[in-house]
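S.K.: Okay, so here is my_file-v1.cif, and as you'll see once you scroll down, it has mmCIF, C-alpha atoms and all ligand atoms.
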```cif
data_coords
loop_
_atom_site.label_atom_id
_atom_site.label_comp_id
_atom_site.auth_asym_id
_atom_site.auth_seq_id
_atom_site.Cartn_x
_atom_site.Cartn_y
_atom_site.Cartn_z
CA MET M 1245 0.00 0.00 0.00
CA HIS M 1246 1.40 3.40 -0.88
CA LEU M 1247 0.31 6.90 -1.77
CA LYS M 1248 0.27 6.98 -5.60
CA LYS M 1249 -1.08 10.36 -6.45
CA MET M 1250 -2.56 13.53 -5.08
CA GLU M 1251 -4.92 15.86 -6.93
CA LEU M 1252 -5.50 19.39 -5.75
CA LYS M 1253 -7.80 22.11 -6.97
CA GLY M 1254 -8.24 25.48 -5.30
CA PHE M 1255 -6.18 24.41 -2.28
CA LYS M 1256 -3.99 27.21 -0.88
CA SER M 1257 -1.45 28.14 -3.60
CA PHE M 1258 -2.84 25.58 -6.12
CA PRO M 1259 -5.82 27.22 -7.90
CA ASP M 1260 -5.56 25.02 -11.02
CA LYS M 1261 -6.16 21.29 -11.02
CA THR M 1262 -2.74 19.88 -10.09
CA GLU M 1263 -1.67 16.24 -10.10
CA ILE M 1264 1.33 15.15 -8.07
CA LEU M 1265 2.59 11.61 -8.69
CA PHE M 1266 4.41 9.74 -5.94
CA PRO M 1267 6.41 6.85 -7.39
CA LYS M 1268 7.58 4.17 -4.93
CA GLY M 1269 10.76 4.95 -3.02
CA LEU M 1270 12.22 8.08 -1.55
CA ILE M 1271 10.81 11.34 -2.88
CA SER M 1272 12.03 14.87 -2.22
CA VAL M 1273 10.01 17.98 -2.90
CA VAL M 1274 12.31 20.86 -3.71
CA GLY M 1275 11.57 24.44 -4.65
CA PRO M 1276 12.22 28.06 -3.69
CA ASN M 1277 10.92 29.50 -0.42
CA GLY M 1278 7.20 30.11 -0.53
CA SER M 1279 6.65 27.96 -3.62
CA GLY M 1280 4.15 25.68 -1.88
CA LYS M 1281 6.13 22.65 -0.64
CA SER M 1282 4.58 22.69 2.83
CA ASN M 1283 1.15 23.33 1.31
CA ILE M 1284 1.38 19.83 -0.22
CA LEU M 1285 1.78 18.33 3.25
CA ASP M 1286 -1.02 20.56 4.56
CA ALA M 1287 -3.22 19.14 1.79
CA VAL M 1288 -2.48 15.57 2.96
CA ARG M 1289 -3.36 16.47 6.56
CA TRP M 1290 -6.49 18.33 5.46
CA VAL M 1291 -7.91 15.54 3.29
CA LEU M 1292 -7.39 13.13 6.19
CA GLY M 1293 -9.67 15.30 8.29
CA GLU M 1294 -7.41 17.77 10.07
CA GLN M 1295 -9.73 20.27 11.76
CA SER M 1296 -7.17 22.39 13.59
CA MET M 1297 -6.36 25.45 11.50
CA LYS M 1298 -3.20 25.91 13.57
CA ASN M 1299 -1.88 22.57 12.29
CA LEU M 1300 -2.71 23.74 8.77
CA ARG M 1301 -0.86 27.00 9.34
CA GLY M 1302 -3.99 29.09 8.99
CA GLU M 1303 -6.48 30.90 11.16
CA LYS M 1304 -9.91 30.62 9.58
CA LEU M 1305 -11.48 27.60 7.86
CA GLU M 1306 -11.43 29.32 4.47
CA ASP M 1307 -7.65 29.88 4.69
CA VAL M 1308 -7.20 26.56 2.87
CA ILE M 1309 -9.07 27.92 -0.17
CA PHE M 1310 -7.10 29.85 -2.80
CA SER M 1311 -7.47 33.48 -1.73
CA GLY M 1312 -6.55 35.06 -5.07
CA THR M 1313 -3.64 37.10 -6.33
CA GLU M 1314 -3.29 40.42 -8.14
CA LYS M 1315 -3.96 38.64 -11.43
CA ARG M 1316 -6.36 35.95 -10.36
CA LYS M 1317 -9.70 35.93 -8.57
CA GLU M 1318 -10.15 34.04 -5.31
CA MET M 1319 -11.95 30.69 -5.45
CA GLY M 1320 -15.14 29.64 -3.69
CA TYR M 1321 -14.14 26.05 -2.96
CA CYS M 1322 -11.23 23.64 -2.89
CA GLU M 1323 -10.80 19.89 -3.17
CA VAL M 1324 -8.00 17.43 -2.55
CA SER M 1325 -7.88 13.71 -3.40
CA LEU M 1326 -5.38 11.12 -2.22
CA ILE M 1327 -5.13 8.07 -4.44
CA ILE M 1328 -3.80 5.08 -2.53
CA ASP M 1329 -2.53 1.87 -4.11
CA ASN M 1330 -4.27 -0.94 -2.24
CA SER M 1331 -3.15 -3.90 -4.34
CA ASN M 1332 -1.92 -5.69 -1.19
CA GLN M 1333 -5.40 -5.20 0.40
CA LYS M 1334 -3.88 -3.62 3.52
CA ILE M 1335 -6.97 -1.44 3.57
CA ASN M 1336 -9.99 -3.63 4.08
CA LEU M 1337 -11.82 -2.79 0.81
CA GLU M 1338 -12.02 -4.88 -2.33
CA TYR M 1339 -10.49 -2.14 -4.49
CA THR M 1340 -6.91 -2.07 -5.67
CA GLU M 1341 -7.04 1.72 -5.72
CA ILE M 1342 -8.76 3.90 -3.13
CA ALA M 1343 -9.46 7.60 -3.55
CA ILE M 1344 -10.09 9.68 -0.46
CA LYS M 1345 -11.42 13.13 -1.20
CA ARG M 1346 -12.36 16.21 0.79
CA LYS M 1347 -14.11 19.23 -0.63
CA ALA M 1348 -14.80 22.50 1.20
CA PHE M 1349 -16.69 25.66 0.40
CA LYS M 1350 -16.24 29.24 1.57
CA SER M 1351 -19.55 28.86 3.41
CA GLY M 1352 -17.78 26.45 5.77
CA GLU M 1353 -19.42 23.30 4.38
CA SER M 1354 -17.06 20.34 4.09
CA GLN M 1355 -17.66 17.00 2.37
CA PHE M 1356 -15.74 13.70 2.42
CA PHE M 1357 -15.75 10.94 -0.19
CA ILE M 1358 -14.34 7.41 -0.50
CA ASN M 1359 -14.08 6.37 -4.16
CA ASN M 1360 -16.39 9.27 -5.04
CA LYS M 1361 -19.15 8.12 -2.68
CA PRO M 1362 -20.05 10.68 0.00
CA CYS M 1363 -19.07 9.49 3.46
CA ARG M 1364 -18.40 10.73 6.98
CA LEU M 1365 -14.98 11.61 8.37
CA LYS M 1366 -15.59 8.71 10.79
CA ASP M 1367 -15.66 6.30 7.80
CA ILE M 1368 -12.28 7.55 6.59
CA LYS M 1369 -10.85 7.30 10.10
CA GLU M 1370 -12.10 3.72 10.46
CA LEU M 1371 -10.85 2.75 7.00
CA LEU M 1372 -7.33 3.94 7.74
CA LEU M 1373 -7.01 2.60 11.27
CA ASP M 1374 -3.70 0.77 11.77
CA THR M 1375 -2.37 1.80 8.36
CA GLY M 1376 -0.42 4.69 9.89
CA ILE M 1377 -1.94 7.03 7.30
CA GLY M 1378 -4.59 8.69 9.47
CA ARG M 1379 -4.51 12.28 10.64
CA GLU M 1380 -2.92 11.15 13.89
CA GLY M 1381 -0.90 8.37 12.26
CA TYR M 1382 2.88 8.26 12.26
CA SER M 1383 3.23 8.69 8.50
CA ILE M 1384 3.44 12.47 8.73
CA ILE M 1385 6.45 13.53 10.77
CA SER M 1386 6.47 17.29 10.78
CA GLN M 1387 9.08 19.67 12.18
CA GLY M 1388 9.30 19.25 15.94
CA LYS M 1389 7.41 15.94 15.90
CA ILE M 1390 10.49 13.85 16.80
CA ASP M 1391 11.15 16.11 19.82
CA GLU M 1392 7.50 15.80 20.76
CA ILE M 1393 7.72 11.99 20.64
CA VAL M 1394 11.00 11.81 22.57
CA ASN M 1395 9.92 14.32 25.21
CA GLY M 1396 6.24 13.35 25.25
CA SER M 1397 4.42 11.28 27.83
CA SER M 1398 4.64 7.50 27.86
CA VAL M 1399 0.89 7.42 27.03
CA HIS M 1400 1.53 9.42 23.85
CA ARG M 1401 4.47 7.20 22.83
CA ARG M 1402 2.38 4.10 23.50
CA LYS M 1403 -0.33 5.42 21.14
CA ILE M 1404 2.20 5.72 18.30
CA LEU M 1405 3.59 2.23 18.95
CA GLU M 1406 0.09 0.77 19.10
CA GLU M 1407 -0.79 2.31 15.72
CA ALA M 1408 2.40 0.82 14.20
CA ALA M 1409 1.71 -2.58 15.78
CA GLY M 1410 -1.85 -2.66 14.45
CA ILE M 1411 -3.58 -2.57 17.85
CA THR M 1412 -5.38 0.77 17.45
CA LYS M 1413 -8.20 -0.79 15.44
CA PHE M 1414 -9.06 -3.17 18.28
CA ARG M 1415 -8.83 -0.43 20.91
CA TYR M 1416 -11.15 1.73 18.78
CA LYS M 1417 -13.63 -1.13 18.32
CA LYS M 1418 -13.53 -1.87 22.07
CA GLU M 1419 -14.29 1.78 22.88
CA GLU M 1420 -17.14 1.87 20.35
CA SER M 1421 -18.61 -1.37 21.80
CA GLU M 1422 -18.32 0.01 25.34
CA LYS M 1423 -20.25 3.12 24.28
CA LYS M 1424 -22.99 0.95 22.73
CA LEU M 1425 -23.09 -1.29 25.81
CA SER M 1426 -23.50 1.67 28.11
CA SER M 1427 -26.32 3.16 26.02
CA THR M 1428 -28.04 -0.26 25.86
CA LYS M 1429 -27.78 -0.54 29.68
CA GLU M 1430 -29.40 2.89 30.03
CA ASN M 1431 -32.21 1.87 27.67
CA LEU M 1432 -32.73 -1.34 29.64
CA GLU M 1433 -32.97 0.60 32.91
CA ARG M 1434 -35.53 2.93 31.35
CA ILE M 1435 -37.58 -0.04 30.08
CA ASN M 1436 -37.46 -1.62 33.58
CA ASP M 1437 -38.70 1.65 35.14
CA ILE M 1438 -41.61 1.83 32.67
CA TYR M 1439 -42.38 -1.85 33.29
CA LYS M 1440 -42.52 -1.27 37.06
CA GLU M 1441 -44.82 1.73 36.58
CA ILE M 1442 -47.21 -0.35 34.46
CA GLU M 1443 -47.24 -3.29 36.92
P1 LIG L 1501 9.50 27.42 2.68
O1 LIG L 1501 10.57 26.75 1.87
O2 LIG L 1501 9.83 28.86 2.95
O3 LIG L 1501 9.07 26.68 3.91
P2 LIG L 1501 7.27 26.43 1.08
O4 LIG L 1501 7.70 26.04 -0.29
O5 LIG L 1501 7.05 25.33 2.06
O6 LIG L 1501 8.21 27.54 1.69
P3 LIG L 1501 4.52 27.08 1.57
O7 LIG L 1501 4.59 27.50 2.99
O8 LIG L 1501 4.01 25.75 1.25
O9 LIG L 1501 5.93 27.29 0.89
O10 LIG L 1501 3.65 28.11 0.71
C1 LIG L 1501 3.54 29.44 1.08
C2 LIG L 1501 2.83 30.16 -0.06
O11 LIG L 1501 1.49 29.70 -0.14
C3 LIG L 1501 2.79 31.66 0.22
O12 LIG L 1501 3.20 32.31 -0.98
C4 LIG L 1501 1.34 31.94 0.48
O13 LIG L 1501 0.94 33.19 0.00
C5 LIG L 1501 0.66 30.83 -0.31
N1 LIG L 1501 -0.67 30.56 0.25
C6 LIG L 1501 -1.00 30.01 1.44
N2 LIG L 1501 -2.32 29.96 1.61
C7 LIG L 1501 -2.87 30.47 0.48
C8 LIG L 1501 -4.21 30.68 0.04
N3 LIG L 1501 -5.28 30.36 0.78
N4 LIG L 1501 -4.39 31.23 -1.17
C9 LIG L 1501 -3.34 31.57 -1.97
N5 LIG L 1501 -2.05 31.38 -1.60
C10 LIG L 1501 -1.81 30.84 -0.40
#
```
Just give me the structure as structure tokens.
M.R.:
Amino acid sequence: MHLKKMELKGFKSFPDKTEILFPKGLISVVGPNGSGKSNILDAVRWVLGEQSMKNLRGEKLEDVIFSGTEKRKEMGYCEVSLIIDNSNQKINLEYTEIAIKRKAFKSGESQFFINNKPCRLKDIKELLLDTGIGREGYSIISQGKIDEIVNGSSVHRRKILEEAAGITKFRYKKEESEKKLSSTKENLERINDIYKEIE
């Protein structure tokens, strides 16, 4: 499984539809200061559901949308797609290629898609559990991240190791089941109360 391609349109400094191919192996992105190298990484974070504008180096939600230049009008929306090669079926879907897309409008509306089908952010999060690709995965190591890991709490380090070891999915499922169990218990108590009242 690897990231094959990214498509951007209207995202930060990329107003035109732009395709970036990622062949297997080590890739370097080089360019002059301010040419948009970090914006590419911001786009990866954003499509994976990053909500914190601070982590996207902006302030307002619409800061990810192309804001225009002297020669070019601002845009009303942006979209980013990540195309992932899934020929080894690491992601539990019967497709050899998976496209994850996020689209956002100036109005603040944001939409997510898996293979062009609308979905929730939760679906993307669940799909990528234990692949290391998620928003909180270890596949994006930004400046200062190593320091954060080394100096961070043992709980934080454990989370990263669990994601790499493939345990996160089970922890997530356990938490979801516990939530369901607790709501079922509450419902049962309510039914018992009603039953007693009727008796
Ligand atoms: P450096 O090497 O200095 O770190 P970089 O290549 O990583 O630079 P980025 O930080 O990715 O560059 O890009 C910065 C550029 O993106 C700036 O010119 C900024 O004006 C532009 N930019 C950021 N957000 C938007 C936006 N919403 N609309 C238009 N341009 C934007």
S.K.: For ligand LIG 1501 (chain L), list the contacting residues at 10 Å or closer, counting only C-alpha atoms and all ligand atoms, as a PyMOL selection string.
M.R.: chain M and resi 1254-1259+1273-1287+1300-1302+1304-1313+1316+1318-1319+1322
S.K.: Hey, can you check how far atom CA of M:Val1288 sits from atom CA of M:Ile1385?
M.R.: 12.0 Å
S.K.: Of the candidates M:Ser1296, M:Leu1247, M:Leu1337, M:Ala1408, which one gets nearest to M:Glu1370 if we count all atoms listed in the file?
M.R.: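 Looking at the shortest contact to M:Glu1370, the residue is M:Leu1337.
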S.K.: Please, what distance in Å, to one decimal, runs between atom CA of M:Ser1386 and atom CA of M:Gln1295?
M.R.: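 The value is 16.5 Å.
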S.K.: Using only C-alpha atoms, which protein or nucleic acid residues come within 6 Å of M:Ile1328? Drop anything in the same chain fewer than 3 positions from it, and give the result as a ChimeraX atom specification.
M.R.: /M:1246-1248,1341-1342
S.K.: Take atom CA of M:Phe1356 and atom CA of M:Leu1405 and report the distance between them in Å, one decimal.
M.R.: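 Straight-line distance from atom CA of M:Phe1356 to atom CA of M:Leu1405 works out to 27.9 Å.
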S.K.: I need the residue nearest M:Leu1265 from this list: M:Met1245, M:Leu1371, M:Leu1326, M:Ile1390. Use all atoms listed in the file for the distance.
M.R.: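 Of M:Met1245, M:Leu1371, M:Leu1326, M:Ile1390, the one nearest M:Leu1265 is M:Leu1326, counting all atoms listed in the file.
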